[in-house]
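A.B. asks: Got run.txt for you, compact mmCIF, C-alpha atoms:
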# COMPACT_ATOMS: atom_id res chain seq x y z
CA MET A 1 75.24 154.76 114.76
CA ARG A 2 78.21 153.78 116.82
CA LYS A 3 81.44 155.39 115.68
CA LYS A 4 85.14 155.05 116.27
CA ILE A 5 86.48 157.40 118.88
CA GLY A 6 89.14 159.94 118.01
CA ILE A 7 90.83 161.69 120.91
CA SER A 8 92.49 165.06 121.10
CA THR A 9 94.81 165.52 124.04
CA ARG A 10 94.54 168.47 126.39
CA LEU A 11 97.65 168.87 128.47
CA ALA A 12 96.96 169.81 132.05
CA ALA A 13 99.33 170.35 134.89
CA GLY A 14 99.52 167.44 137.25
CA VAL A 15 101.93 165.52 139.40
CA LEU A 16 101.84 162.23 141.19
CA ALA A 17 99.35 162.41 144.04
CA VAL A 18 101.20 161.37 147.19
CA ALA A 19 97.92 161.14 149.06
CA VAL A 20 96.61 158.58 146.58
CA LEU A 21 99.71 156.45 146.88
CA GLY A 22 99.55 156.70 150.64
CA SER A 23 96.01 155.35 150.64
CA LEU A 24 97.24 151.84 149.88
CA ASN A 25 97.02 149.57 152.85
CA MET A 26 100.59 148.83 153.90
CA THR A 27 99.92 145.13 154.26
CA THR A 28 98.59 145.00 150.71
CA ALA A 29 101.57 146.97 149.41
CA SER A 30 104.03 144.68 151.14
CA ALA A 31 102.29 141.58 149.82
CA GLY A 32 102.27 143.07 146.33
CA GLU A 33 105.95 143.89 146.43
CA ALA A 34 106.74 140.37 147.57
CA ALA A 35 104.75 138.99 144.64
CA GLY A 36 106.61 141.20 142.15
CA THR A 37 103.86 143.75 141.62
CA ASP A 38 104.18 147.53 141.49
CA PRO A 39 102.36 149.28 144.37
CA THR A 40 102.49 152.64 142.57
CA ALA A 41 100.67 151.19 139.56
CA ALA A 42 98.18 149.47 141.86
CA ALA A 43 97.43 152.76 143.65
CA ARG A 44 96.96 154.59 140.36
CA ALA A 45 94.64 151.87 139.11
CA ARG A 46 92.55 151.95 142.25
CA ALA A 47 92.30 155.76 142.20
CA SER A 48 91.27 155.71 138.54
CA TYR A 49 88.70 152.97 139.11
CA ASP A 50 87.30 154.62 142.24
CA ALA A 51 86.63 157.68 140.07
CA ILE A 52 84.49 155.47 137.81
CA ASN A 53 82.36 154.39 140.75
CA LYS A 54 82.12 157.91 142.12
CA TYR A 55 81.29 159.86 138.96
CA PHE A 56 79.74 157.32 136.54
CA ASP A 57 77.41 155.39 138.85
CA ALA A 58 73.93 155.13 137.31
CA GLY A 59 72.31 152.73 139.78
CA LYS A 60 71.51 149.01 139.38
CA GLY A 61 75.24 148.36 138.96
CA LEU A 62 75.17 150.18 135.62
CA LEU A 63 77.22 153.19 134.54
CA LEU A 64 76.86 156.45 132.65
CA GLU A 65 78.28 156.88 129.17
CA GLU A 66 80.09 160.07 130.22
CA TYR A 67 80.52 162.53 133.09
CA PRO A 68 78.88 164.98 133.19
CA ASN A 69 76.29 162.99 131.26
CA HIS A 70 74.72 164.86 128.34
CA GLN A 71 73.41 161.73 126.63
CA SER A 72 69.69 161.01 126.34
CA ASN A 73 70.28 157.44 127.48
CA PRO A 74 70.42 156.94 131.25
CA TYR A 75 73.00 154.16 130.93
CA SER A 76 76.12 153.46 128.89
CA TYR A 77 76.28 151.25 125.84
CA VAL A 78 77.72 147.79 126.43
CA TRP A 79 81.06 148.59 124.74
CA PRO A 80 82.16 151.17 127.33
CA TYR A 81 80.52 149.17 130.11
CA SER A 82 82.54 146.10 129.11
CA GLN A 83 85.75 148.08 129.39
CA ALA A 84 84.85 149.13 132.95
CA ALA A 85 84.11 145.49 133.77
CA ILE A 86 87.47 144.46 132.33
CA ALA A 87 89.15 147.15 134.43
CA ALA A 88 87.52 145.61 137.51
CA GLU A 89 88.70 142.14 136.48
CA ASN A 90 92.23 143.42 135.92
CA LEU A 91 92.18 144.99 139.38
CA ALA A 92 90.92 141.75 140.90
CA GLY A 93 94.00 140.06 139.44
CA VAL A 94 96.46 142.41 141.16
CA PRO A 95 98.23 140.55 143.98
CA GLY A 96 96.75 141.66 147.27
CA ALA A 97 93.40 142.78 145.76
CA GLY A 98 91.66 140.25 148.00
CA ARG A 99 87.93 139.81 148.51
CA LYS A 100 87.14 143.45 147.84
CA GLY A 101 88.68 143.29 144.37
CA SER A 102 86.91 140.04 143.58
CA ALA A 103 83.59 141.38 144.82
CA GLU A 104 83.84 144.40 142.54
CA ALA A 105 84.62 142.20 139.54
CA ASP A 106 81.60 140.06 140.49
CA ARG A 107 79.39 143.16 140.65
CA ARG A 108 80.43 144.33 137.22
CA LEU A 109 79.95 140.85 135.76
CA ALA A 110 76.42 140.63 137.17
CA ALA A 111 75.32 143.85 135.44
CA TYR A 112 76.14 142.40 132.02
CA GLU A 113 72.78 140.64 132.33
CA PHE A 114 70.98 143.92 131.66
CA TYR A 115 72.34 143.67 128.10
CA TRP A 116 71.82 139.94 127.55
CA ASN A 117 69.32 138.96 124.85
CA SER A 118 68.15 135.39 125.38
CA GLY A 119 65.39 135.69 122.80
CA THR A 120 67.54 135.50 119.68
CA THR A 121 69.31 132.66 117.93
CA PRO A 122 72.18 132.71 118.68
CA THR A 123 71.91 134.49 122.00
CA GLY A 124 74.21 137.40 122.78
CA TYR A 125 74.64 140.85 124.25
CA ASP A 126 72.74 143.77 122.76
CA SER A 127 74.53 147.07 122.36
CA TYR A 128 72.26 148.74 124.93
CA VAL A 129 70.36 147.80 128.08
CA ARG A 130 67.30 145.67 127.29
CA PRO A 131 63.68 146.19 128.35
CA PRO A 132 62.30 147.11 130.79
CA ASN A 133 65.34 149.22 131.66
CA GLY A 134 66.24 150.26 128.11
CA GLN A 135 65.36 149.77 124.46
CA GLY A 136 68.00 147.16 123.64
CA GLY A 137 69.98 147.49 120.44
CA ASP A 138 71.81 145.77 117.63
CA LYS A 139 74.42 143.15 118.39
CA PHE A 140 78.03 144.01 117.62
CA TYR A 141 80.31 141.04 117.28
CA ASP A 142 83.30 142.87 118.73
CA ASP A 143 81.27 143.99 121.76
CA ASN A 144 80.46 140.36 122.44
CA GLU A 145 84.06 139.28 121.89
CA TRP A 146 85.36 141.76 124.49
CA ILE A 147 82.90 140.30 126.98
CA GLY A 148 83.88 136.78 125.99
CA LEU A 149 87.54 137.55 126.63
CA ASN A 150 86.58 139.15 129.96
CA LEU A 151 84.85 135.89 130.88
CA ILE A 152 87.85 133.80 129.85
CA GLN A 153 90.13 135.87 132.08
CA ARG A 154 87.65 135.48 134.93
CA PHE A 155 87.58 131.71 134.42
CA LYS A 156 91.37 131.58 134.52
CA ARG A 157 91.40 133.57 137.77
CA THR A 158 88.50 131.90 139.58
CA GLY A 159 87.55 128.65 137.82
CA ASP A 160 84.02 130.02 137.27
CA ARG A 161 82.42 127.40 135.00
CA ALA A 162 79.43 129.63 134.27
CA ALA A 163 81.78 132.24 132.82
CA LEU A 164 83.35 129.61 130.56
CA ALA A 165 79.92 128.41 129.43
CA ARG A 166 78.83 131.94 128.57
CA ALA A 167 82.09 132.49 126.63
CA LYS A 168 81.19 129.43 124.54
CA GLU A 169 77.76 130.92 123.83
CA ILE A 170 79.39 134.13 122.69
CA PHE A 171 81.72 132.26 120.36
CA ALA A 172 78.71 130.57 118.75
CA LEU A 173 77.37 134.06 118.03
CA VAL A 174 80.71 135.09 116.50
CA VAL A 175 80.74 132.06 114.20
CA HIS A 176 77.18 132.96 113.19
CA GLY A 177 78.57 136.32 112.02
CA TRP A 178 80.89 134.75 109.43
CA ASP A 179 80.32 135.92 105.84
CA THR A 180 79.29 132.87 103.83
CA ASP A 181 78.85 134.51 100.40
CA PRO A 182 81.76 133.45 98.16
CA THR A 183 81.04 136.27 95.69
CA HIS A 184 82.02 139.02 98.14
CA PRO A 185 85.40 140.74 97.86
CA CYS A 186 87.72 139.03 100.37
CA ALA A 187 85.02 136.42 100.97
CA GLY A 188 84.66 135.29 104.54
CA GLY A 189 85.39 137.18 107.72
CA VAL A 190 83.15 138.04 110.66
CA TYR A 191 80.92 141.05 110.16
CA TRP A 192 81.27 143.97 112.56
CA THR A 193 77.59 144.08 113.52
CA GLN A 194 74.16 142.63 112.82
CA ALA A 195 72.88 146.17 112.29
CA PRO A 196 71.42 146.62 108.79
CA TRP A 197 73.27 149.93 108.24
CA SER A 198 76.68 148.23 108.14
CA GLN A 199 77.98 145.24 106.20
CA ASP A 200 81.62 145.80 107.03
CA ARG A 201 83.98 143.00 108.01
CA ASN A 202 86.57 144.32 110.41
CA THR A 203 89.93 143.40 111.82
CA VAL A 204 88.39 144.03 115.24
CA SER A 205 85.60 141.51 114.71
CA ASN A 206 88.00 138.81 113.51
CA GLY A 207 91.12 139.31 115.64
CA PRO A 208 89.39 139.06 119.04
CA GLY A 209 87.20 136.29 117.61
CA ALA A 210 90.37 134.36 116.83
CA GLU A 211 91.65 135.08 120.34
CA LEU A 212 88.42 133.85 121.92
CA GLY A 213 88.42 130.69 119.81
CA ALA A 214 92.08 129.97 120.59
CA HIS A 215 91.48 130.42 124.32
CA LEU A 216 88.51 128.06 124.17
CA TYR A 217 90.60 125.48 122.36
CA LEU A 218 93.41 125.74 124.89
CA LEU A 219 90.91 125.29 127.73
CA THR A 220 88.77 122.51 126.19
CA ARG A 221 90.87 120.94 123.40
CA ASP A 222 87.79 121.00 121.19
CA LYS A 223 89.34 121.30 117.73
CA SER A 224 86.35 123.14 116.27
CA TYR A 225 87.42 126.21 118.27
CA LEU A 226 90.93 126.03 116.84
CA THR A 227 89.66 125.60 113.28
CA TRP A 228 87.53 128.71 113.55
CA ALA A 229 90.26 130.70 115.29
CA GLN A 230 92.70 129.92 112.50
CA ARG A 231 90.07 130.81 109.87
CA MET A 232 89.35 134.21 111.41
CA TYR A 233 93.03 134.98 111.87
CA GLN A 234 93.88 133.99 108.31
CA TRP A 235 91.08 136.09 106.86
CA ALA A 236 92.54 139.18 108.53
CA GLN A 237 96.04 138.20 107.38
CA ASP A 238 94.86 137.89 103.78
CA CYS A 239 92.54 140.89 103.64
CA MET A 240 93.55 143.46 106.27
CA LEU A 241 97.34 143.30 106.55
CA ALA A 242 98.93 146.40 104.98
CA PRO A 243 102.38 146.64 103.33
CA ASN A 244 103.76 148.44 106.41
CA GLY A 245 103.11 145.37 108.56
CA LEU A 246 100.07 146.83 110.36
CA TYR A 247 96.38 146.08 109.92
CA TRP A 248 93.77 148.21 108.23
CA ASP A 249 90.35 148.64 109.81
CA HIS A 250 87.70 147.08 107.59
CA ILE A 251 86.44 146.20 104.12
CA ASP A 252 82.92 146.73 102.79
CA LEU A 253 80.99 144.58 100.33
CA ALA A 254 82.08 146.79 97.42
CA GLY A 255 85.69 145.95 98.22
CA ASN A 256 86.55 149.38 99.62
CA ILE A 257 89.11 149.20 102.42
CA GLU A 258 89.11 151.68 105.30
CA LYS A 259 92.83 152.02 105.86
CA THR A 260 93.02 153.68 109.27
CA GLN A 261 95.43 151.71 111.45
CA TRP A 262 94.02 151.74 114.97
CA SER A 263 96.20 150.51 117.81
CA TYR A 264 93.68 147.93 119.02
CA ASN A 265 93.65 146.21 115.64
CA GLN A 266 97.36 145.57 115.99
CA GLY A 267 96.86 144.29 119.52
CA VAL A 268 94.18 141.73 118.77
CA MET A 269 96.08 140.33 115.82
CA LEU A 270 99.41 139.96 117.58
CA GLY A 271 97.58 138.46 120.55
CA ALA A 272 95.79 135.99 118.28
CA GLY A 273 99.15 135.04 116.80
CA VAL A 274 100.56 134.27 120.25
CA LEU A 275 97.56 132.15 121.22
CA LEU A 276 97.63 130.22 117.95
CA PHE A 277 101.32 129.56 118.50
CA LYS A 278 100.48 128.18 121.95
CA ALA A 279 97.68 126.08 120.45
CA THR A 280 99.64 124.64 117.53
CA GLY A 281 103.36 125.05 118.22
CA ASP A 282 103.68 126.59 114.73
CA LEU A 283 106.46 129.18 114.92
CA ARG A 284 104.95 131.07 111.99
CA TYR A 285 102.29 132.50 114.32
CA LEU A 286 104.88 133.69 116.82
CA ARG A 287 107.00 135.28 114.08
CA GLU A 288 103.95 137.14 112.80
CA ALA A 289 103.06 138.33 116.31
CA LYS A 290 106.58 139.65 116.84
CA SER A 291 106.48 141.36 113.45
CA VAL A 292 103.27 143.22 114.35
CA ALA A 293 104.71 144.14 117.73
CA ASN A 294 107.82 145.62 116.13
CA ALA A 295 105.87 147.51 113.46
CA SER A 296 103.37 148.89 115.96
CA LEU A 297 106.01 150.00 118.46
CA ALA A 298 107.67 151.95 115.65
CA PHE A 299 104.36 153.41 114.45
CA TYR A 300 102.74 154.45 117.75
CA ASN A 301 105.91 156.09 119.04
CA THR A 302 104.75 159.48 120.33
CA PRO A 303 102.16 160.65 122.89
CA GLU A 304 100.39 162.53 120.10
CA ILE A 305 99.89 159.43 117.95
CA LEU A 306 98.72 157.39 120.90
CA ALA A 307 96.36 160.19 121.95
CA LYS A 308 94.63 160.01 118.56
CA ASN A 309 93.88 156.34 119.21
CA GLY A 310 92.53 156.84 122.72
CA ALA A 311 93.18 155.01 125.96
CA ALA A 312 90.59 152.30 125.29
CA PHE A 313 92.19 151.23 122.01
CA ASN A 314 95.67 151.57 123.46
CA SER A 315 94.80 149.44 126.48
CA ILE A 316 93.90 146.55 124.18
CA TRP A 317 97.17 146.96 122.28
CA PHE A 318 99.24 147.08 125.45
CA LYS A 319 97.49 144.09 127.00
CA ASN A 320 98.25 141.98 123.97
CA LEU A 321 101.88 143.08 124.04
CA LEU A 322 101.98 141.62 127.56
CA ILE A 323 100.44 138.40 126.25
CA LEU A 324 103.29 138.26 123.74
CA ASP A 325 105.76 139.06 126.52
CA SER A 326 104.54 136.00 128.43
CA VAL A 327 105.82 133.79 125.61
CA ALA A 328 108.66 135.87 124.12
CA PRO A 329 109.93 138.33 126.75
CA ASP A 330 110.91 141.79 125.54
CA PRO A 331 111.31 144.71 127.96
CA ARG A 332 110.20 147.19 125.29
CA TYR A 333 106.56 146.18 125.68
CA ARG A 334 106.13 147.04 129.33
CA LYS A 335 108.41 150.07 128.96
CA ALA A 336 106.14 151.56 126.29
CA MET A 337 103.09 150.84 128.43
CA GLN A 338 104.69 152.42 131.51
CA SER A 339 105.69 155.51 129.56
CA TYR A 340 102.10 155.98 128.33
CA ALA A 341 100.69 155.46 131.82
CA ASP A 342 103.13 157.93 133.38
CA TYR A 343 102.44 160.54 130.72
CA ASN A 344 98.69 160.42 131.24
CA TRP A 345 98.85 160.27 135.02
CA ASN A 346 100.95 163.43 135.00
CA THR A 347 99.33 165.39 132.16
CA THR A 348 95.73 164.39 131.37
CA ARG A 349 94.54 163.42 134.86
CA ASP A 350 92.72 165.94 137.04
CA PRO A 351 94.36 165.43 140.47
CA ALA A 352 91.22 166.66 142.23
CA THR A 353 89.00 163.92 140.75
CA ASN A 354 91.34 161.35 139.13
CA LEU A 355 89.30 161.77 135.94
CA TYR A 356 91.30 161.90 132.73
CA LYS A 357 90.68 164.91 130.50
CA PHE A 358 91.66 163.41 127.17
CA ARG A 359 89.58 166.03 125.39
CA GLU A 360 87.43 169.07 126.11
CA GLY A 361 83.99 168.41 127.51
CA SER A 362 82.69 165.36 129.33
CA VAL A 363 84.93 162.50 130.41
CA GLU A 364 84.06 159.28 128.58
CA LEU A 365 83.58 156.06 130.55
CA LEU A 366 85.29 154.25 127.67
CA GLN A 367 88.54 156.18 127.99
CA GLN A 368 88.54 156.31 131.81
CA SER A 369 88.16 152.54 131.80
CA GLY A 370 90.96 152.10 129.25
CA ILE A 371 93.55 154.02 131.27
CA THR A 372 92.43 152.19 134.43
CA GLN A 373 93.07 148.86 132.72
CA ILE A 374 96.58 149.99 131.80
CA HIS A 375 97.47 151.03 135.34
CA ALA A 376 96.06 147.78 136.71
CA LEU A 377 98.05 145.55 134.37
CA LEU A 378 101.23 147.44 135.18
CA ALA A 379 100.65 146.24 138.74
CA TRP A 380 100.62 142.61 137.60
CA PRO A 381 103.84 140.61 137.95
CA ARG A 382 105.07 139.19 134.67
CA SER A 383 104.51 135.67 136.02
CA GLN A 384 100.74 136.29 135.70
CA TYR A 385 100.63 137.52 132.09
CA HIS A 386 99.62 134.05 130.89
CA LEU A 387 96.28 134.62 132.67
CA LEU A 388 95.39 137.56 130.41
CA ALA A 389 92.68 137.32 127.78
As a first step, turn the structure in this file into structure tokens.

C.D. replies:
Amino acid sequence: MRKKIGISTRLAAGVLAVAVLGSLNMTTASAGEAAGTDPTAAARARASYDAINKYFDAGKGLLLEEYPNHQSNPYSYVWPYSQAAIAAENLAGVPGAGRKGSAEADRRLAAYEFYWNSGTTPTGYDSYVRPPNGQGGDKFYDDNEWIGLNLIQRFKRTGDRAALARAKEIFALVVHGWDTDPTHPCAGGVYWTQAPWSQDRNTVSNGPGAELGAHLYLLTRDKSYLTWAQRMYQWAQDCMLAPNGLYWDHIDLAGNIEKTQWSYNQGVMLGAGVLLFKATGDLRYLREAKSVANASLAFYNTPEILAKNGAAFNSIWFKNLLILDSVAPDPRYRKAMQSYADYNWNTTRDPATNLYKFREGSVELLQQSGITQIHALLAWPRSQYHLLA
């Protein structure tokens, strides 16, 4: 059973590695500075991502779940793999990344095919590598949505029509996951997974679904995508929004609500609000996005609270704050993201390996990928935030 990740922070001595910063090609750094990027953030992102390739490589373009790997599976589940692929895509979008950055994003995209299940209706990504390389697994709607958003960002960067077509296939799967039984408490909503052991409907299966649908509408002007995006967003508004202005996690079919307020839930919902505002011009969506941003900045206001959420969840929250910033600029969003990145570079990173020791034991691919995403997006100029997905 896949579970949410809770992180305990281990503080370790560490300072900015001058050698890492010096490894940037000077031409690339100069080009980045001219484009409004941050060469320090770019160097940190590259160092963090290089550690993924060095320590998590499992062959075939696939990755390990953790390092050192104590799992019985030889490869990672698709959820952490997707976050490494998104880190590569974010790095490819840094000004000056060039052909090498694009090639790495291409390599990560290609390995998604090990998880693709073409034998089901609808098609989609299994949670684990499929035969003959693995046993496959249940489909999680949020796993597929992260990949769909990855593909949308790739399409925006490269014009890759195959990526857009696959994102459409994924959205068909998400729509298939909608609860159609009107007798259920908070009827409607996209289920978290097709696995028989869970019948939860989650903020994190509806928020990114709404984002994916809104992106597809903005790119194609097919109104069916907008209709579904608004439906998913409104379900979460009606059923998951708490009195403190933040979103709870999920509701089961008995009507029990799991009230943990994870950072990524806030991110996907404020991001969906921004995209629906762009799609409709309705200021209500933008007001709601700003409200979640304000409430979440007040709530996740210490390193300790953010550490409990983990870098992967926080990276999704921060990215969506930048999406909001692209429409309604507010320096607090990037400032909070920079503070988190600086803290972890200087306290949880092992300078000898550039692996982040967020907890005792093995380093998780999921969390290493999350912090890499954050560093990479801090290297983006604000003028590019509209390309995020």

A.B. asks: Using only C-alpha atoms, which of the listed residues (A:Gln237, A:Glu211, A:Arg221, A:Ala84) sits closest to Phe277 of chain A?

C.D. replies: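 Using only C-alpha atoms, Phe277 of chain A sits closest to A:Glu211.
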
A.B. asks: For atom CA of Gly148 of chain A and atom CA of Ala163 of chain A, quote the distance in Å rounded to one decimal.

C.D. replies: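 Between atom CA of Gly148 of chain A and atom CA of Ala163 of chain A the gap is 8.5 Å.
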
A.B. asks: Return the single residue from A:Asp142, A:Asn150, A:Arg161, A:Ile170 that is closest to Trp116 of chain A, with distances computed using only C-alpha atoms.

C.D. replies: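 Counting only C-alpha atoms, the residue closest to Trp116 of chain A is A:Ile170.
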
A.B. asks: Taking only C-alpha atoms into account, which of A:Gly36, A:Arg154, A:Tyr356, A:Ala110 comes nearest Gly96 of chain A?

C.D. replies: A:Gly36

A.B. asks: Of the candidates A:Tyr49, A:Val268, A:Ala92, A:Gln234, which one gets nearest to Trp146 of chain A if we count only C-alpha atoms?

C.D. replies: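 Of the candidates, the smallest distance to Trp146 of chain A is held by A:Val268.
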
A.B. asks: Report, in Å with one decimal, the straight-line distance from atom CA of Ala111 of chain A to atom CA of Phe140 of chain A.

C.D. replies: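 Distance reported for this atom pair: 18.0 Å.
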
A.B. asks: For Arg332 of chain A, list every protein, DNA or RNA residue within 10 Å, evaluated using only C-alpha atoms, and leave out those in the same chain fewer than 5 positions away; present the list as a PyMOL selection string.

C.D. replies: chain A and resi 293-294+297+321+325+337-338

A.B. asks: Interatomic distance between atom CA of Leu109 of chain A and atom CA of Val174 of chain A?

C.D. replies: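 Separation between atom CA of Leu109 of chain A and atom CA of Val174 of chain A: 20.1 Å.
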
A.B. asks: Do a neighbour search on segment 281-286 of chain A at 9 Å with only C-alpha atoms, toss out local chain neighbours closer than 4 positions, and write the hits as a PyMOL selection string.

C.D. replies: chain A and resi 270+272-277+290-291+324+327-328

A.B. asks: So, counting only C-alpha atoms, which residue among A:Pro185, A:Pro303, A:Pro351, A:Gly213 is closest to Ala254 of chain A?

C.D. replies: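 Closest to Ala254 of chain A of all the choices is A:Pro185.
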
A.B. asks: May I have the residues within 8 Å of segment 57-67 of chain A as number ranges by chain, using all atoms listed in the file and disregarding those fewer than 4 positions away in the same chain?

C.D. replies: A: 52-53, 71, 74-77, 80-81, 107-108, 111, 362-366

A.B. asks: I'd like the contact shell of Ala295 of chain A - 12 Å cut-off, all atoms listed in the file, skipping same-chain residues fewer than 5 positions apart - returned as a list in words.

C.D. replies: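 Counting all atoms listed in the file, the residues come to Leu241, Ala242, Pro243, Asn244, Gly245, Leu246, Tyr247, Gln261, Ser263, Gln266, Gly267, Leu270, Glu288, Ala289, Lys290, Tyr300 and Asn301 of chain A.
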
A.B. asks: Which residue gives the smallest distance to Lys156 of chain A among A:Arg130, A:Gly101, A:Asn265, A:His215, with all atoms listed in the file counted?

C.D. replies: A:His215

A.B. asks: If we count all atoms listed in the file and set the cut-off at 10 Å, which residues sit around Trp228 of chain A, ignoring sequence neighbours fewer than 3 positions away in its own chain? Please answer as a count of residues only.

C.D. replies: 17

A.B. asks: For the contact check between segment 42-132 of chain A and segment 186-198 of chain A, emit one row per residue of segment 42-132 of chain A within 12 Å, containing the shortest atom pair and the distance in Å rounded to one decimal, counting all atoms listed in the file, chain then rising number order, as CSV.

C.D. replies:
residue,atom,partner,partner_atom,distance
A:Thr120,CA,A:Gln194,CA,11.9
A:Pro122,CA,A:Gln194,CA,11.7
A:Gly124,CA,A:Gln194,CA,11.2
A:Tyr125,CA,A:Gln194,CA,11.6
A:Asp126,CA,A:Gln194,CA,10.1
A:Ser127,CA,A:Thr193,CA,9.8
